[in-house]
>>> print(open('upload_37.pdb').read())   # PDB, C-alpha atoms
ATOM      1  CA  MET A   7      16.890  19.747  -7.205
ATOM      2  CA  PHE A   8      17.697  17.280  -9.946
ATOM      3  CA  PHE A   9      14.214  15.783  -9.862
ATOM      4  CA  HIS A  10      12.423  19.023 -10.570
ATOM      5  CA  LEU A  11      14.847  20.678 -12.882
ATOM      6  CA  THR A  12      12.233  22.552 -14.830
ATOM      7  CA  ASP A  13      10.377  23.562 -11.668
ATOM      8  CA  MET A  14      13.625  24.786 -10.194
ATOM      9  CA  SER A  15      14.160  27.159 -13.092
ATOM     10  CA  SER A  16      11.192  29.165 -11.858
ATOM     11  CA  GLY A  17      11.866  28.628  -8.159
ATOM     12  CA  HIS A  18      13.655  31.757  -7.061
ATOM     13  CA  GLN A  19      14.423  30.642  -3.510
ATOM     14  CA  ILE A  20      15.989  27.343  -4.525
ATOM     15  CA  ARG A  21      17.903  29.079  -7.285
ATOM     16  CA  THR A  22      19.229  31.664  -4.845
ATOM     17  CA  VAL A  23      20.395  28.993  -2.374
ATOM     18  CA  HIS A  24      21.939  27.022  -5.253
ATOM     19  CA  ARG A  25      23.839  30.104  -6.413
ATOM     20  CA  ILE A  26      25.102  31.006  -2.935
ATOM     21  CA  ILE A  27      26.497  27.458  -2.610
ATOM     22  CA  ALA A  28      27.954  27.761  -6.113
ATOM     23  CA  VAL A  29      29.842  30.937  -5.148
ATOM     24  CA  PHE A  30      31.572  29.088  -2.284
ATOM     25  CA  PHE A  31      32.155  26.088  -4.559
ATOM     26  CA  VAL A  32      33.977  28.305  -7.062
ATOM     27  CA  ALA A  33      35.685  30.526  -4.484
ATOM     28  CA  ALA A  34      37.374  27.641  -2.634
ATOM     29  CA  PRO A  35      39.580  26.383  -5.508
ATOM     30  CA  VAL A  36      40.217  29.927  -6.773
ATOM     31  CA  LEU A  37      41.451  31.039  -3.337
ATOM     32  CA  TYR A  38      43.484  27.829  -3.018
ATOM     33  CA  LEU A  39      45.110  28.567  -6.359
ATOM     34  CA  LEU A  40      45.885  32.162  -5.427
ATOM     35  CA  LEU A  41      46.963  31.712  -1.809
ATOM     36  CA  ASP A  42      49.024  28.545  -2.251
ATOM     37  CA  HIS A  43      49.713  28.178  -5.939
ATOM     38  CA  LYS A  44      52.585  25.739  -5.325
ATOM     39  CA  ALA A  45      50.293  23.334  -3.480
ATOM     40  CA  ALA A  46      47.627  23.795  -6.164
ATOM     41  CA  ALA A  47      50.183  23.015  -8.877
ATOM     42  CA  GLY A  48      51.232  19.938  -6.895
ATOM     43  CA  PHE A  49      47.588  18.863  -6.702
ATOM     44  CA  LEU A  50      47.250  19.137 -10.476
ATOM     45  CA  TYR A  51      50.538  17.306 -11.052
ATOM     46  CA  GLU A  52      49.466  14.462  -8.766
ATOM     47  CA  THR A  53      46.060  14.325 -10.415
ATOM     48  CA  PHE A  54      47.242  14.075 -13.994
ATOM     49  CA  CYS A  55      50.591  12.277 -13.725
ATOM     50  CA  TRP A  56      50.005   8.563 -13.367
ATOM     51  CA  ASP A  57      52.680   5.887 -13.327
ATOM     52  CA  HIS A  58      52.486   2.115 -13.644
ATOM     53  CA  ASP A  59      52.125   1.605  -9.877
ATOM     54  CA  ASP A  60      49.117   3.928  -9.751
ATOM     55  CA  THR A  61      47.206   2.043 -12.449
ATOM     56  CA  ALA A  62      48.276  -1.302 -10.981
ATOM     57  CA  TRP A  63      46.929  -0.174  -7.578
ATOM     58  CA  LEU A  64      43.646   0.838  -9.183
ATOM     59  CA  LYS A  65      43.245  -2.585 -10.815
ATOM     60  CA  LEU A  66      43.836  -4.403  -7.529
ATOM     61  CA  SER A  67      42.077  -1.931  -5.237
ATOM     62  CA  LEU A  68      38.590  -3.472  -5.227
ATOM     63  CA  SER A  69      39.799  -6.873  -3.973
ATOM     64  CA  HIS A  70      42.155  -5.052  -1.562
ATOM     65  CA  TYR A  71      39.258  -3.123  -0.029
ATOM     66  CA  PHE A  72      37.380  -6.389   0.446
ATOM     67  CA  GLY A  73      40.252  -7.831   2.461
ATOM     68  CA  SER A  74      42.489  -9.530  -0.124
ATOM     69  CA  GLN A  75      45.990 -10.181   1.222
ATOM     70  CA  GLU A  76      47.603  -9.652  -2.188
ATOM     71  CA  GLN A  77      50.704  -7.425  -2.164
ATOM     72  CA  MET A  78      49.758  -3.961  -3.402
ATOM     73  CA  PRO A  79      52.057  -1.851  -5.610
ATOM     74  CA  PRO A  80      54.045   0.810  -3.689
ATOM     75  CA  GLN A  81      52.377   4.219  -3.692
ATOM     76  CA  ASP A  82      53.539   7.815  -3.498
ATOM     77  CA  ARG A  83      51.837  10.510  -1.373
ATOM     78  CA  ILE A  84      48.390   9.461  -2.627
ATOM     79  CA  ASN A  85      47.359   6.086  -4.030
ATOM     80  CA  GLY A  86      45.701   5.187  -7.331
ATOM     81  CA  ASP A  87      42.110   5.456  -6.167
ATOM     82  CA  GLN A  88      42.787   8.780  -4.455
ATOM     83  CA  LYS A  89      44.207   9.991  -7.767
ATOM     84  CA  LEU A  90      41.072   8.785  -9.538
ATOM     85  CA  TRP A  91      38.907  10.685  -7.054
ATOM     86  CA  GLN A  92      40.964  13.857  -7.550
ATOM     87  CA  LEU A  93      40.613  13.437 -11.323
ATOM     88  CA  VAL A  94      36.846  13.026 -11.021
ATOM     89  CA  VAL A  95      36.597  16.074  -8.744
ATOM     90  CA  PHE A  96      38.667  18.171 -11.151
ATOM     91  CA  ILE A  97      36.768  17.140 -14.302
ATOM     92  CA  THR A  98      33.253  17.251 -12.845
ATOM     93  CA  GLY A  99      34.092  20.449 -10.957
ATOM     94  CA  THR A 100      35.218  22.085 -14.184
ATOM     95  CA  VAL A 101      32.061  20.930 -15.979
ATOM     96  CA  LEU A 102      29.846  22.123 -13.113
ATOM     97  CA  ILE A 103      31.513  25.542 -13.008
ATOM     98  CA  ALA A 104      31.549  26.039 -16.795
ATOM     99  CA  THR A 105      27.942  24.939 -17.302
ATOM    100  CA  GLY A 106      26.873  26.790 -14.145
ATOM    101  CA  VAL A 107      28.367  30.052 -15.413
ATOM    102  CA  LEU A 108      26.589  29.551 -18.750
ATOM    103  CA  GLN A 109      23.266  28.991 -16.982
ATOM    104  CA  TRP A 110      23.673  31.878 -14.570
ATOM    105  CA  PHE A 111      25.088  34.592 -16.784
ATOM    106  CA  PHE A 112      24.499  33.545 -20.386
ATOM    107  CA  ARG A 113      21.099  31.899 -20.454
ATOM    108  CA  PRO A 114      19.549  34.476 -22.807
ATOM    109  CA  LYS A 115      22.724  34.591 -24.883
ATOM    110  CA  ILE A 116      23.004  30.981 -25.979
ATOM    111  CA  PRO A 117      20.727  29.048 -28.334
ATOM    112  CA  ILE A 118      18.052  27.039 -26.532
ATOM    113  CA  GLU A 119      19.314  23.798 -28.088
ATOM    114  CA  LEU A 120      22.758  24.378 -26.555
ATOM    115  CA  TYR A 121      21.172  25.448 -23.281
ATOM    116  CA  GLN A 122      19.388  22.106 -23.015
ATOM    117  CA  TRP A 123      22.702  20.250 -23.338
ATOM    118  CA  VAL A 124      24.295  22.602 -20.817
ATOM    119  CA  LEU A 125      21.574  21.629 -18.332
ATOM    120  CA  LEU A 126      22.160  17.954 -19.064
ATOM    121  CA  ALA A 127      25.945  18.199 -18.680
ATOM    122  CA  HIS A 128      25.493  20.017 -15.348
ATOM    123  CA  ALA A 129      23.173  17.266 -14.098
ATOM    124  CA  ALA A 130      25.404  14.462 -15.421
ATOM    125  CA  ALA A 131      28.465  15.866 -13.628
ATOM    126  CA  PHE A 132      26.465  16.049 -10.401
ATOM    127  CA  VAL A 133      25.334  12.429 -10.813
ATOM    128  CA  VAL A 134      28.922  11.205 -11.323
ATOM    129  CA  VAL A 135      30.082  12.963  -8.139
ATOM    130  CA  SER A 136      27.032  11.686  -6.244
ATOM    131  CA  ILE A 137      27.937   8.113  -7.169
ATOM    132  CA  LEU A 138      31.624   8.311  -6.294
ATOM    133  CA  PHE A 139      31.498  10.558  -3.216
ATOM    134  CA  PRO A 140      29.959   7.887  -0.901
ATOM    135  CA  VAL A 141      32.750   5.475  -1.927
ATOM    136  CA  HIS A 142      35.455   8.053  -1.209
ATOM    137  CA  PHE A 143      33.807   9.107   2.061
ATOM    138  CA  TYR A 144      33.470   5.520   3.264
ATOM    139  CA  LEU A 145      37.031   4.531   2.404
ATOM    140  CA  ARG A 146      38.569   7.596   4.027
ATOM    141  CA  THR A 147      36.494   7.681   7.215
ATOM    142  CA  LEU A 148      35.145   4.218   8.044
ATOM    143  CA  HIS A 149      37.226   1.557   6.290
ATOM    144  CA  PRO A 150      39.450  -0.152   8.892
ATOM    145  CA  PHE A 151      42.487  -0.286   6.547
ATOM    146  CA  PHE A 152      42.693   3.508   6.390
ATOM    147  CA  ASP A 153      42.278   4.450  10.032
ATOM    148  CA  GLU A 154      44.681   7.416   9.817
ATOM    149  CA  SER A 155      43.243   8.818   6.619
ATOM    150  CA  LEU A 156      40.709  11.164   8.212
ATOM    151  CA  SER A 157      43.156  12.570  10.761
ATOM    152  CA  SER A 158      45.741  13.083   8.019
ATOM    153  CA  MET A 159      43.242  15.285   6.167
ATOM    154  CA  LEU A 160      42.878  17.412   9.292
ATOM    155  CA  ASP A 161      46.483  17.836  10.402
ATOM    156  CA  GLY A 162      48.449  16.605   7.368
ATOM    157  CA  LYS A 163      50.277  13.896   9.323
ATOM    158  CA  VAL A 164      50.371  10.098   9.412
ATOM    159  CA  SER A 165      52.512   7.767  11.489
ATOM    160  CA  GLU A 166      55.668   6.302   9.962
ATOM    161  CA  SER A 167      54.227   2.761  10.171
ATOM    162  CA  TYR A 168      51.064   3.887   8.336
ATOM    163  CA  ALA A 169      53.141   5.615   5.658
ATOM    164  CA  ARG A 170      55.364   2.535   5.288
ATOM    165  CA  LYS A 171      52.314   0.318   4.837
ATOM    166  CA  HIS A 172      50.318   2.504   2.441
ATOM    167  CA  TYR A 173      52.725   5.030   0.917
ATOM    168  CA  PRO A 174      56.229   3.483   0.886
ATOM    169  CA  LYS A 175      57.387   5.488  -2.162
ATOM    170  CA  TRP A 176      56.512   8.735  -0.432
ATOM    171  CA  LEU A 177      58.186   7.603   2.792
ATOM    172  CA  GLU A 178      61.347   6.765   0.856
ATOM    173  CA  LYS A 179      61.437  10.290  -0.532
ATOM    174  CA  ILE A 180      61.033  12.106   2.794
ATOM    175  CA  VAL A 181      62.508   9.768   5.394
ATOM    176  CA  GLY A 182      66.037  11.039   4.897
ATOM    177  CA  THR A 183      65.132  14.653   5.589
ATOM    178  CA  THR A 184      62.311  14.559   8.176
ATOM    179  CA  HIS A 185      62.810  11.386  10.195
ATOM    180  CA  ASN A 186      60.893  12.467  13.288
ATOM    181  CA  GLY A 187      58.272   9.725  13.652
ATOM    182  CA  THR A 188      55.445  11.476  11.787
TER     183      THR A 188
ATOM    184  CA  MET B  11      49.012  38.742  -3.058
ATOM    185  CA  ARG B  12      46.075  41.155  -2.772
ATOM    186  CA  ILE B  13      47.085  42.770  -6.051
ATOM    187  CA  LYS B  14      47.327  39.371  -7.727
ATOM    188  CA  LEU B  15      43.932  38.377  -6.306
ATOM    189  CA  THR B  16      42.356  41.640  -7.476
ATOM    190  CA  ILE B  17      43.827  41.259 -10.971
ATOM    191  CA  VAL B  18      42.622  37.665 -11.377
ATOM    192  CA  LEU B  19      39.128  38.379 -10.028
ATOM    193  CA  GLY B  20      38.952  41.513 -12.165
ATOM    194  CA  LEU B  21      39.925  39.528 -15.264
ATOM    195  CA  ILE B  22      37.290  36.869 -14.554
ATOM    196  CA  VAL B  23      34.494  39.369 -13.887
ATOM    197  CA  GLY B  24      35.620  41.572 -16.788
ATOM    198  CA  THR B  25      35.656  38.660 -19.225
ATOM    199  CA  VAL B  26      32.196  37.516 -18.140
ATOM    200  CA  LEU B  27      30.831  41.062 -18.448
ATOM    201  CA  ALA B  28      32.502  41.661 -21.817
ATOM    202  CA  VAL B  29      31.196  38.436 -23.336
ATOM    203  CA  TYR B  30      27.749  39.095 -21.864
ATOM    204  CA  LEU B  31      27.609  42.568 -23.388
ATOM    205  CA  LEU B  32      29.018  41.499 -26.745
ATOM    206  CA  LEU B  33      26.617  38.616 -27.310
ATOM    207  CA  GLY B  34      23.080  39.356 -28.442
ATOM    208  CA  ASP B  35      20.039  37.826 -26.760
ATOM    209  CA  GLN B  36      18.857  34.605 -28.375
ATOM    210  CA  THR B  37      16.176  33.619 -25.879
ATOM    211  CA  LEU B  38      14.213  35.305 -23.129
ATOM    212  CA  SER B  39      15.968  35.863 -19.819
ATOM    213  CA  PRO B  40      14.594  34.108 -16.703
ATOM    214  CA  LEU B  41      13.082  37.438 -15.576
ATOM    215  CA  GLN B  42      11.456  37.975 -18.961
ATOM    216  CA  LEU B  43      10.101  34.428 -18.940
ATOM    217  CA  THR B  44       8.602  34.997 -15.495
ATOM    218  CA  GLN B  45       7.056  38.258 -16.697
ATOM    219  CA  VAL B  46       5.636  36.570 -19.782
ATOM    220  CA  LYS B  47       4.114  33.758 -17.759
ATOM    221  CA  ALA B  48       2.704  36.170 -15.178
ATOM    222  CA  GLY B  49       1.266  38.286 -17.967
ATOM    223  CA  CYS B  50      -0.409  35.269 -19.545
ATOM    224  CA  ARG B  51      -1.892  34.136 -16.279
ATOM    225  CA  GLU B  52      -3.574  37.506 -15.769
ATOM    226  CA  CYS B  53      -5.981  36.642 -18.538
ATOM    227  CA  HIS B  54      -5.589  32.955 -19.256
ATOM    228  CA  SER B  55      -5.841  29.851 -17.133
ATOM    229  CA  GLU B  56      -3.250  28.260 -19.372
ATOM    230  CA  LEU B  57      -0.069  29.673 -20.821
ATOM    231  CA  ARG B  58      -1.038  31.304 -24.096
ATOM    232  CA  TYR B  59       0.719  33.956 -26.070
ATOM    233  CA  ASP B  60      -1.990  35.696 -28.023
ATOM    234  CA  SER B  61      -2.089  39.098 -26.315
ATOM    235  CA  PRO B  62      -0.142  41.971 -27.851
ATOM    236  CA  SER B  63       3.081  43.073 -26.115
ATOM    237  CA  THR B  64       6.767  43.083 -26.893
ATOM    238  CA  LEU B  65       7.445  40.134 -24.623
ATOM    239  CA  HIS B  66       4.535  38.206 -26.032
ATOM    240  CA  ASP B  67       5.663  38.977 -29.546
ATOM    241  CA  THR B  68       9.163  37.728 -28.797
ATOM    242  CA  HIS B  69       7.957  34.517 -27.288
ATOM    243  CA  ALA B  70       5.112  34.007 -29.736
ATOM    244  CA  ALA B  71       7.554  34.279 -32.625
ATOM    245  CA  LEU B  72       9.280  31.153 -31.415
ATOM    246  CA  ASN B  73       8.038  27.715 -32.274
ATOM    247  CA  CYS B  74       7.041  26.244 -28.884
ATOM    248  CA  SER B  75       7.959  22.709 -29.887
ATOM    249  CA  ARG B  76      11.506  23.887 -30.571
ATOM    250  CA  CYS B  77      12.037  24.199 -26.816
ATOM    251  CA  HIS B  78       9.143  22.580 -25.014
ATOM    252  CA  ARG B  79       7.732  19.071 -24.951
ATOM    253  CA  ASP B  80       4.736  20.629 -23.213
ATOM    254  CA  ASN B  81       4.232  23.518 -20.814
ATOM    255  CA  ALA B  82       6.264  21.749 -18.134
ATOM    256  CA  GLY B  83       9.615  21.086 -19.660
ATOM    257  CA  LEU B  84      12.310  21.287 -22.265
ATOM    258  CA  LYS B  85      12.077  18.844 -25.110
ATOM    259  CA  SER B  86      15.267  17.424 -26.544
ATOM    260  CA  THR B  87      16.980  16.280 -23.387
ATOM    261  CA  ASP B  88      13.903  15.313 -21.356
ATOM    262  CA  LYS B  89      14.256  11.609 -22.041
ATOM    263  CA  ILE B  90      17.985  11.668 -21.352
ATOM    264  CA  HIS B  91      17.362  13.539 -18.094
ATOM    265  CA  THR B  92      14.861  10.910 -17.024
ATOM    266  CA  GLY B  93      17.226   8.089 -17.970
ATOM    267  CA  LEU B  94      20.102   9.788 -16.187
ATOM    268  CA  LYS B  95      18.013  10.253 -13.063
ATOM    269  CA  TRP B  96      17.089   6.581 -12.786
ATOM    270  CA  ALA B  97      20.519   5.317 -13.861
ATOM    271  CA  GLY B  98      22.127   7.592 -11.272
ATOM    272  CA  LEU B  99      19.741   6.514  -8.535
ATOM    273  CA  GLY B 100      20.243   2.840  -9.398
ATOM    274  CA  THR B 101      24.021   3.198  -9.366
ATOM    275  CA  VAL B 102      24.011   5.052  -6.042
ATOM    276  CA  LEU B 103      21.901   2.254  -4.500
ATOM    277  CA  PHE B 104      24.274  -0.353  -5.993
ATOM    278  CA  VAL B 105      27.271   1.491  -4.543
ATOM    279  CA  LEU B 106      25.630   1.781  -1.108
ATOM    280  CA  ALA B 107      24.862  -1.954  -1.176
ATOM    281  CA  GLY B 108      28.526  -2.593  -2.084
ATOM    282  CA  ILE B 109      29.676  -0.468   0.857
ATOM    283  CA  ALA B 110      27.362  -2.370   3.229
ATOM    284  CA  THR B 111      28.720  -5.686   1.914
ATOM    285  CA  ASN B 112      32.260  -4.393   2.303
ATOM    286  CA  ILE B 113      31.675  -3.407   5.938
ATOM    287  CA  ILE B 114      30.405  -6.914   6.736
ATOM    288  CA  MET B 115      33.146  -8.770   4.806
ATOM    289  CA  VAL B 116      36.070  -6.685   6.048
ATOM    290  CA  ASN B 117      34.872  -6.791   9.641
ATOM    291  CA  LYS B 118      34.599 -10.583   9.406
ATOM    292  CA  LYS B 119      38.107 -10.916   7.953
ATOM    293  CA  THR B 120      39.740  -8.494  10.361
ATOM    294  CA  GLY B 121      37.677  -9.609  13.368
ATOM    295  CA  THR B 122      36.631  -6.064  14.228
ATOM    296  CA  ALA B 123      32.877  -6.776  14.130
TER     297      ALA B 123
END
>>> encode(input="upload_37.pdb", output="structure tokens")
Amino acid sequence: MFFHLTDMSSGHQIRTVHRIIAVFFVAAPVLYLLLDHKAAAGFLYETFCWDHDDTAWLKLSLSHYFGSQEQMPPQDRINGDQKLWQLVVFITGTVLIATGVLQWFFRPKIPIELYQWVLLAHAAAFVVVSILFPVHFYLRTLHPFFDESLSSMLDGKVSESYARKHYPKWLEKIVGTTHNGT
Amino acid sequence: MRIKLTIVLGLIVGTVLAVYLLLGDQTLSPLQLTQVKAGCRECHSELRYDSPSTLHDTHAALNCSRCHRDNAGLKSTDKIHTGLKWAGLGTVLFVLAGIATNIIMVNKKTGTA
């Protein structure tokens, strides 16, 4: 769709499919916010509150992923690169929604010069996500260091040994209250 | 919860509708553009705006070069779009190559190959 942006503007079928997907894309975070606002607030807090260990993890992460044995900084419930991914998702998602709403509902209402930049911002946000999503997907599903990552996304649980290895700060916080092996 | 959901959705839809109704049209809507182009093609092999009608008048009053590089696209951001497309493609390929390298290197180090 990115390659034929101007063609797409007159392609009703592609536009309709794009808009149906967009509705689900917008509905998911809105429903999340409404149905579990505490978890959504926690997501935002995690995304925007970085400490020294998070940035230190991020600096060392590339060599870590390539098998470096260097000691990594202790991490909380999510590590530095997971925080970066959440930040990217939040920022690009906001840009995609805002520019998408402008294109869908306000196209005749905004000056054409602004509309052109709205189109560009929408495409740029999509490109950023397209570049980083394969990295996130690979690390969380196929990388041997994070073998419990995928299952933890499905059932919300990791083993104590996995938590001790990757998220010792988080384990420290919860081990006193829920010491049941998961 | 249903009340809260209804209020929030109502506020969002209401705001969008209110802003839409308050703002005046500055360009043709997608439907109007389609109508204009269809109207042109009834008589002309190319897009031309020299037949009398309200839609034609609206579009003909605009300077084409303000919006279009040619009949196929918008002008100002065309070059940036093209650059972004190739930069994005190049970066995705670079990232995929990095992932492939990572798979090989990590498997060698951990002996899981």
>>> closest_atom_pairs(input="upload_37.pdb", of="chain A", to="chain B", cutoff="9 Å", atoms="only C-alpha atoms", output="Markdown table")
| residue | atom | partner | partner_atom | distance |
| --- | --- | --- | --- | --- |
| A:Phe8 | CA | B:Lys95 | CA | 7.7 |
| A:Phe9 | CA | B:Lys95 | CA | 7.4 |
| A:Leu11 | CA | B:Gly83 | CA | 8.6 |
| A:Thr12 | CA | B:Gly83 | CA | 5.7 |
| A:Asp13 | CA | B:Ala82 | CA | 7.9 |
| A:Ser15 | CA | B:Pro40 | CA | 7.8 |
| A:Ser16 | CA | B:Thr44 | CA | 7.3 |
| A:Leu37 | CA | B:Leu15 | CA | 8.3 |
| A:Leu40 | CA | B:Leu15 | CA | 6.6 |
| A:Leu41 | CA | B:Met11 | CA | 7.4 |
| A:Tyr71 | CA | B:Asn112 | CA | 7.5 |
| A:Phe72 | CA | B:Val116 | CA | 5.8 |
| A:Gly73 | CA | B:Val116 | CA | 5.6 |
| A:Val107 | CA | B:Val26 | CA | 8.8 |
| A:Phe111 | CA | B:Tyr30 | CA | 7.3 |
| A:Phe112 | CA | B:Tyr30 | CA | 6.6 |
| A:Arg113 | CA | B:Ser39 | CA | 6.5 |
| A:Pro114 | CA | B:Thr37 | CA | 4.6 |
| A:Lys115 | CA | B:Asp35 | CA | 4.6 |
| A:Ile116 | CA | B:Gln36 | CA | 6.0 |
| A:Pro117 | CA | B:Gln36 | CA | 5.9 |
| A:Ile118 | CA | B:Cys77 | CA | 6.7 |
| A:Glu119 | CA | B:Cys77 | CA | 7.4 |
| A:Gln122 | CA | B:Thr87 | CA | 6.3 |
| A:Trp123 | CA | B:Thr87 | CA | 7.0 |
| A:Leu125 | CA | B:Thr87 | CA | 8.7 |
| A:Leu126 | CA | B:His91 | CA | 6.6 |
| A:Ala129 | CA | B:His91 | CA | 8.0 |
| A:Ala130 | CA | B:Leu94 | CA | 7.1 |
| A:Val133 | CA | B:Gly98 | CA | 5.8 |
| A:Val134 | CA | B:Gly98 | CA | 7.7 |
| A:Ser136 | CA | B:Val102 | CA | 7.3 |
| A:Ile137 | CA | B:Val102 | CA | 5.1 |
| A:Leu138 | CA | B:Val105 | CA | 8.3 |
| A:Pro140 | CA | B:Leu106 | CA | 7.5 |
| A:Val141 | CA | B:Ile109 | CA | 7.2 |
| A:Tyr144 | CA | B:Ile109 | CA | 7.5 |
| A:Leu148 | CA | B:Ile113 | CA | 8.6 |
| A:His149 | CA | B:Ile113 | CA | 7.5 |
| A:Pro150 | CA | B:Val116 | CA | 7.9 |
>>> write_last_selection(input="upload_37.pdb", atoms="C-alpha atoms", output="compact mmCIF listing (two decimals), in the frame of the given file")
# COMPACT_ATOMS: atom_id res chain seq x y z
CA PHE A 8 17.70 17.28 -9.95
CA PHE A 9 14.21 15.78 -9.86
CA LEU A 11 14.85 20.68 -12.88
CA THR A 12 12.23 22.55 -14.83
CA ASP A 13 10.38 23.56 -11.67
CA SER A 15 14.16 27.16 -13.09
CA SER A 16 11.19 29.16 -11.86
CA LEU A 37 41.45 31.04 -3.34
CA LEU A 40 45.88 32.16 -5.43
CA LEU A 41 46.96 31.71 -1.81
CA TYR A 71 39.26 -3.12 -0.03
CA PHE A 72 37.38 -6.39 0.45
CA GLY A 73 40.25 -7.83 2.46
CA VAL A 107 28.37 30.05 -15.41
CA PHE A 111 25.09 34.59 -16.78
CA PHE A 112 24.50 33.54 -20.39
CA ARG A 113 21.10 31.90 -20.45
CA PRO A 114 19.55 34.48 -22.81
CA LYS A 115 22.72 34.59 -24.88
CA ILE A 116 23.00 30.98 -25.98
CA PRO A 117 20.73 29.05 -28.33
CA ILE A 118 18.05 27.04 -26.53
CA GLU A 119 19.31 23.80 -28.09
CA GLN A 122 19.39 22.11 -23.02
CA TRP A 123 22.70 20.25 -23.34
CA LEU A 125 21.57 21.63 -18.33
CA LEU A 126 22.16 17.95 -19.06
CA ALA A 129 23.17 17.27 -14.10
CA ALA A 130 25.40 14.46 -15.42
CA VAL A 133 25.33 12.43 -10.81
CA VAL A 134 28.92 11.20 -11.32
CA SER A 136 27.03 11.69 -6.24
CA ILE A 137 27.94 8.11 -7.17
CA LEU A 138 31.62 8.31 -6.29
CA PRO A 140 29.96 7.89 -0.90
CA VAL A 141 32.75 5.48 -1.93
CA TYR A 144 33.47 5.52 3.26
CA LEU A 148 35.15 4.22 8.04
CA HIS A 149 37.23 1.56 6.29
CA PRO A 150 39.45 -0.15 8.89
>>> residues_around(input="upload_37.pdb", residues="Leu93 in chain A", least_positions_apart="4", cutoff="10 Å", atoms="all atoms listed in the file", output="number ranges by chain")
A: 49-50, 52-54, 87-89, 97-99
>>> atom_distance(input="upload_37.pdb", atom1="CA of Gln81 in chain A", atom2="CA of Tyr173 in chain A")
4.7 Å
>>> atom_distance(input="upload_37.pdb", atom1="CA of Gly162 in chain A", atom2="CA of His58 in chain A")
25.8 Å
>>> resolve_selection(input="upload_37.pdb", expression="the PyMOL selection byres ((chain A and resi 27-35) around 12)", output="count of residues only")
36
>>> atom_distance(input="upload_37.pdb", atom1="CA of Pro79 in chain A", atom2="CA of Trp176 in chain A")
12.6 Å
